[in-house]
Amino acid sequence: MCVDLGLPSGRLWAIENLDSPLDSMPRMFAWGETESKQVSTNDNYCFGKETALTKYTRHDGLTELLPEDDPATCILGEKWRTPAYKDFQELMDCCKWSWCTWGIYHGCLVTGPNDNSIFLHAGGYTSDSMNIEAESKGNYWTSTLYEDDEALSYRCSFSEGFVEGEDVFFFDEVAERFFAYYIRPV
């Protein structure tokens with residue numbers, strides 16, 4: 001199910017994170033991996049270690065996830081994908097962000113120009129089987145590779161302390177591709 005937030009692009013956003021009901025803690029995925037896993041490390045990343053990556057490198061010129069590597073497309077079908085950098089940028093520019101609690105989960109209520117909204121969990125991230133910054137920071141993958149370092153990809157990141165200010169997103173922050181973050185399909 002999707003929500004029309006009234007965005008200028010007309011982009012529809014899934015009401016839930018990938019492979020997770022809204023009333024549960026969502027599953028996390030490494031960038032470009034089509035299955036979530038309990039332990040996400042540099043050693044078990046599907047495209048190799050960050051110093052010897054096998055795909056999405058300067059050699060192949062790929063900068064956006066292909067459908068076969070996009071978890072949203074692989075799990076939900078060809079009409080769905082992981083949001084690109086520009087999709088999250090539109091959320092930042094056009095929506096109101098409010099820190100809140102949904103049931104027992106902390107996160108942000110993102111309200112569009114038409115007053116429809118989606119809830120984004122704050123559940124930190126997973127690296128080397130440890131959940132880091134759980135309940136205090138939300139991290140969501142984009143499908144966009146960081147152009148200055150192929151071992152990194154862009155993410156949407158937010159925390160309670162930043163919602164009231166202007167810096168809800170840290171697009172200048174990028175993350176190692178083997179980190180496990182949430183995915184909110186579009």
# chains A, B, ... in the order shown; residues from 1 in each chain; ligands from 1
call {"tool": "residues_around", "arguments": {"residues": "stretch 46-59 of chain A", "least_positions_apart": "2", "cutoff": "9 Å", "atoms": "only C-alpha atoms", "output": "ChimeraX atom specification"}}
result
/A:30,32-33,41-44,61-65,145,147,149-152,176-178
call {"tool": "write_last_selection", "arguments": {"atoms": "N, CA, C and O atoms", "output": "PDB file, in the first residue's frame"}}
result
ATOM      1  N   ALA A  30      21.750  -4.391   3.767  1.00  0.00           N
ATOM      2  CA  ALA A  30      22.962  -3.743   3.277  1.00  0.00           C
ATOM      3  C   ALA A  30      22.641  -3.173   1.891  1.00  0.00           C
ATOM      4  O   ALA A  30      21.705  -3.637   1.217  1.00  0.00           O
ATOM      5  N   GLY A  32      22.196  -2.657  -1.752  1.00  0.00           N
ATOM      6  CA  GLY A  32      22.227  -3.528  -2.920  1.00  0.00           C
ATOM      7  C   GLY A  32      22.016  -5.002  -2.626  1.00  0.00           C
ATOM      8  O   GLY A  32      22.042  -5.821  -3.540  1.00  0.00           O
ATOM      9  N   GLU A  33      21.783  -5.360  -1.376  1.00  0.00           N
ATOM     10  CA  GLU A  33      21.503  -6.757  -1.045  1.00  0.00           C
ATOM     11  C   GLU A  33      19.997  -6.954  -0.999  1.00  0.00           C
ATOM     12  O   GLU A  33      19.272  -6.134  -0.447  1.00  0.00           O
ATOM     13  N   THR A  41      28.482  -7.355   7.685  1.00  0.00           N
ATOM     14  CA  THR A  41      29.872  -6.940   7.874  1.00  0.00           C
ATOM     15  C   THR A  41      30.538  -6.688   6.527  1.00  0.00           C
ATOM     16  O   THR A  41      30.022  -7.086   5.472  1.00  0.00           O
ATOM     17  N   ASN A  42      31.680  -6.074   6.591  1.00  0.00           N
ATOM     18  CA  ASN A  42      32.486  -5.875   5.393  1.00  0.00           C
ATOM     19  C   ASN A  42      32.877  -7.220   4.778  1.00  0.00           C
ATOM     20  O   ASN A  42      32.994  -7.350   3.563  1.00  0.00           O
ATOM     21  N   ASP A  43      33.042  -8.241   5.609  1.00  0.00           N
ATOM     22  CA  ASP A  43      33.463  -9.560   5.128  1.00  0.00           C
ATOM     23  C   ASP A  43      32.352 -10.339   4.429  1.00  0.00           C
ATOM     24  O   ASP A  43      32.637 -11.197   3.605  1.00  0.00           O
ATOM     25  N   ASN A  44      31.071 -10.079   4.769  1.00  0.00           N
ATOM     26  CA  ASN A  44      29.996 -10.858   4.143  1.00  0.00           C
ATOM     27  C   ASN A  44      29.133 -10.022   3.195  1.00  0.00           C
ATOM     28  O   ASN A  44      28.038 -10.431   2.830  1.00  0.00           O
ATOM     29  N   GLY A  61      30.822   1.909 -13.952  1.00  0.00           N
ATOM     30  CA  GLY A  61      30.102   3.166 -14.135  1.00  0.00           C
ATOM     31  C   GLY A  61      28.687   3.195 -13.569  1.00  0.00           C
ATOM     32  O   GLY A  61      27.950   4.155 -13.797  1.00  0.00           O
ATOM     33  N   LEU A  62      28.293   2.183 -12.824  1.00  0.00           N
ATOM     34  CA  LEU A  62      26.939   2.142 -12.258  1.00  0.00           C
ATOM     35  C   LEU A  62      26.863   3.033 -11.024  1.00  0.00           C
ATOM     36  O   LEU A  62      27.692   2.927 -10.126  1.00  0.00           O
ATOM     37  N   THR A  63      25.860   3.905 -10.983  1.00  0.00           N
ATOM     38  CA  THR A  63      25.719   4.829  -9.854  1.00  0.00           C
ATOM     39  C   THR A  63      24.359   4.735  -9.168  1.00  0.00           C
ATOM     40  O   THR A  63      24.142   5.372  -8.148  1.00  0.00           O
ATOM     41  N   GLU A  64      23.427   3.982  -9.728  1.00  0.00           N
ATOM     42  CA  GLU A  64      22.109   3.730  -9.127  1.00  0.00           C
ATOM     43  C   GLU A  64      21.880   2.221  -9.140  1.00  0.00           C
ATOM     44  O   GLU A  64      22.293   1.525 -10.068  1.00  0.00           O
ATOM     45  N   LEU A  65      21.201   1.718  -8.122  1.00  0.00           N
ATOM     46  CA  LEU A  65      20.921   0.281  -8.060  1.00  0.00           C
ATOM     47  C   LEU A  65      20.159  -0.181  -9.297  1.00  0.00           C
ATOM     48  O   LEU A  65      19.190   0.456  -9.720  1.00  0.00           O
ATOM     49  N   LEU A 145      24.681   5.773  -5.364  1.00  0.00           N
ATOM     50  CA  LEU A 145      26.068   5.598  -4.950  1.00  0.00           C
ATOM     51  C   LEU A 145      26.714   6.974  -4.759  1.00  0.00           C
ATOM     52  O   LEU A 145      26.422   7.919  -5.495  1.00  0.00           O
ATOM     53  N   GLU A 147      29.392   9.553  -5.378  1.00  0.00           N
ATOM     54  CA  GLU A 147      30.243   9.679  -6.554  1.00  0.00           C
ATOM     55  C   GLU A 147      31.735   9.807  -6.252  1.00  0.00           C
ATOM     56  O   GLU A 147      32.568   9.491  -7.110  1.00  0.00           O
ATOM     57  N   ASP A 149      33.425   8.160  -3.750  1.00  0.00           N
ATOM     58  CA  ASP A 149      34.006   6.967  -3.141  1.00  0.00           C
ATOM     59  C   ASP A 149      33.037   5.800  -3.350  1.00  0.00           C
ATOM     60  O   ASP A 149      31.978   5.746  -2.728  1.00  0.00           O
ATOM     61  N   GLU A 150      33.407   4.870  -4.185  1.00  0.00           N
ATOM     62  CA  GLU A 150      32.502   3.771  -4.547  1.00  0.00           C
ATOM     63  C   GLU A 150      32.187   2.825  -3.395  1.00  0.00           C
ATOM     64  O   GLU A 150      31.280   2.014  -3.492  1.00  0.00           O
ATOM     65  N   ALA A 151      32.888   2.928  -2.292  1.00  0.00           N
ATOM     66  CA  ALA A 151      32.590   2.090  -1.121  1.00  0.00           C
ATOM     67  C   ALA A 151      31.439   2.666  -0.298  1.00  0.00           C
ATOM     68  O   ALA A 151      30.987   2.040   0.651  1.00  0.00           O
ATOM     69  N   LEU A 152      30.947   3.856  -0.684  1.00  0.00           N
ATOM     70  CA  LEU A 152      29.930   4.558   0.083  1.00  0.00           C
ATOM     71  C   LEU A 152      28.694   4.841  -0.756  1.00  0.00           C
ATOM     72  O   LEU A 152      28.777   4.975  -1.978  1.00  0.00           O
ATOM     73  N   GLU A 176      29.126   3.358   4.614  1.00  0.00           N
ATOM     74  CA  GLU A 176      29.701   2.183   3.976  1.00  0.00           C
ATOM     75  C   GLU A 176      28.579   1.260   3.530  1.00  0.00           C
ATOM     76  O   GLU A 176      27.608   1.052   4.255  1.00  0.00           O
ATOM     77  N   ARG A 177      28.702   0.716   2.361  1.00  0.00           N
ATOM     78  CA  ARG A 177      27.618  -0.041   1.746  1.00  0.00           C
ATOM     79  C   ARG A 177      27.230  -1.290   2.523  1.00  0.00           C
ATOM     80  O   ARG A 177      26.105  -1.764   2.412  1.00  0.00           O
ATOM     81  N   PHE A 178      28.127  -1.836   3.321  1.00  0.00           N
ATOM     82  CA  PHE A 178      27.787  -3.065   4.059  1.00  0.00           C
ATOM     83  C   PHE A 178      26.951  -2.794   5.306  1.00  0.00           C
ATOM     84  O   PHE A 178      26.406  -3.724   5.888  1.00  0.00           O
TER      85      PHE A 178
END
call {"tool": "select_by_dssp", "arguments": {"residues": "stretch 15-122 of chain A", "states": "alpha helix (DSSP H)", "output": "ChimeraX atom specification"}}
result
/A:71-76,85-94
call {"tool": "select_by_dssp", "arguments": {"residues": "stretch 27-159 of chain A", "states": "strand (DSSP E)", "output": "PyMOL selection string"}}
result
chain A and resi 29-30+96-102+105-111+117-121+125-127+130-132+137-145+152-159
call {"tool": "closest_residue", "arguments": {"among": "A:Leu7, A:Lys37, A:Ala175, A:Ala14", "to": "A:Lys79", "atoms": "only C-alpha atoms"}}
result
A:Ala14
call {"tool": "atom_distance", "arguments": {"atom1": "atom CA of A:Thr111", "atom2": "atom CA of A:Met28"}}
result
23.5 Å
call {"tool": "atom_distance", "arguments": {"atom1": "atom CA of A:Asp4", "atom2": "atom CA of A:Gly123"}}
result
24.3 Å
call {"tool": "atom_distance", "arguments": {"atom1": "atom CA of A:Val174", "atom2": "atom CA of A:Asn116"}}
result
28.8 Å
call {"tool": "residues_around", "arguments": {"residues": "A:Leu76", "least_positions_apart": "4", "cutoff": "9 Å", "atoms": "only C-alpha atoms", "output": "JSON, numbers by chain"}}
result
{"A": [18, 19, 71, 72, 80, 81, 185]}
call {"tool": "write_last_selection", "arguments": {"atoms": "N, CA, C and O atoms", "output": "compact mmCIF listing (two decimals), in the first residue's frame"}}
result
# COMPACT_ATOMS: atom_id res chain seq x y z
N LEU A 18 10.35 -1.77 3.92
CA LEU A 18 10.45 -2.99 3.13
C LEU A 18 10.44 -4.23 4.02
O LEU A 18 11.19 -4.32 5.00
N ASP A 19 9.57 -5.17 3.67
CA ASP A 19 9.51 -6.48 4.31
C ASP A 19 9.16 -6.40 5.80
O ASP A 19 9.60 -7.23 6.58
N PRO A 71 16.51 -4.26 -3.44
CA PRO A 71 15.66 -5.11 -2.61
C PRO A 71 14.18 -4.81 -2.75
O PRO A 71 13.36 -5.73 -2.72
N ALA A 72 13.81 -3.54 -2.92
CA ALA A 72 12.40 -3.20 -3.06
C ALA A 72 11.82 -3.82 -4.33
O ALA A 72 10.72 -4.38 -4.32
N TRP A 80 8.05 -1.20 -7.84
CA TRP A 80 8.64 -0.62 -6.64
C TRP A 80 10.15 -0.54 -6.77
O TRP A 80 10.77 -1.35 -7.47
N ARG A 81 10.75 0.42 -6.04
CA ARG A 81 12.21 0.55 -6.02
C ARG A 81 12.64 1.24 -4.73
O ARG A 81 11.83 1.82 -4.01
N PRO A 185 10.24 1.81 0.37
CA PRO A 185 10.06 1.78 -1.09
C PRO A 185 9.21 2.93 -1.64
O PRO A 185 8.37 3.50 -0.95
call {"tool": "closest_residue", "arguments": {"among": "A:Tyr146, A:Pro113, A:Val39, A:Asp69", "to": "A:Glu90", "atoms": "only C-alpha atoms"}}
result
A:Pro113
call {"tool": "closest_residue", "arguments": {"among": "A:Trp141, A:Tyr105, A:Tyr154, A:Phe179", "to": "A:Thr82", "atoms": "only C-alpha atoms"}}
result
A:Trp141
call {"tool": "closest_residue", "arguments": {"among": "A:Ser159, A:Ser40, A:Thr34, A:Cys94", "to": "A:Glu68", "atoms": "only C-alpha atoms"}}
result
A:Thr34
call {"tool": "closest_residue", "arguments": {"among": "A:Arg184, A:Lys96, A:Ser157, A:Gln89", "to": "A:Cys2", "atoms": "only C-alpha atoms"}}
result
A:Arg184
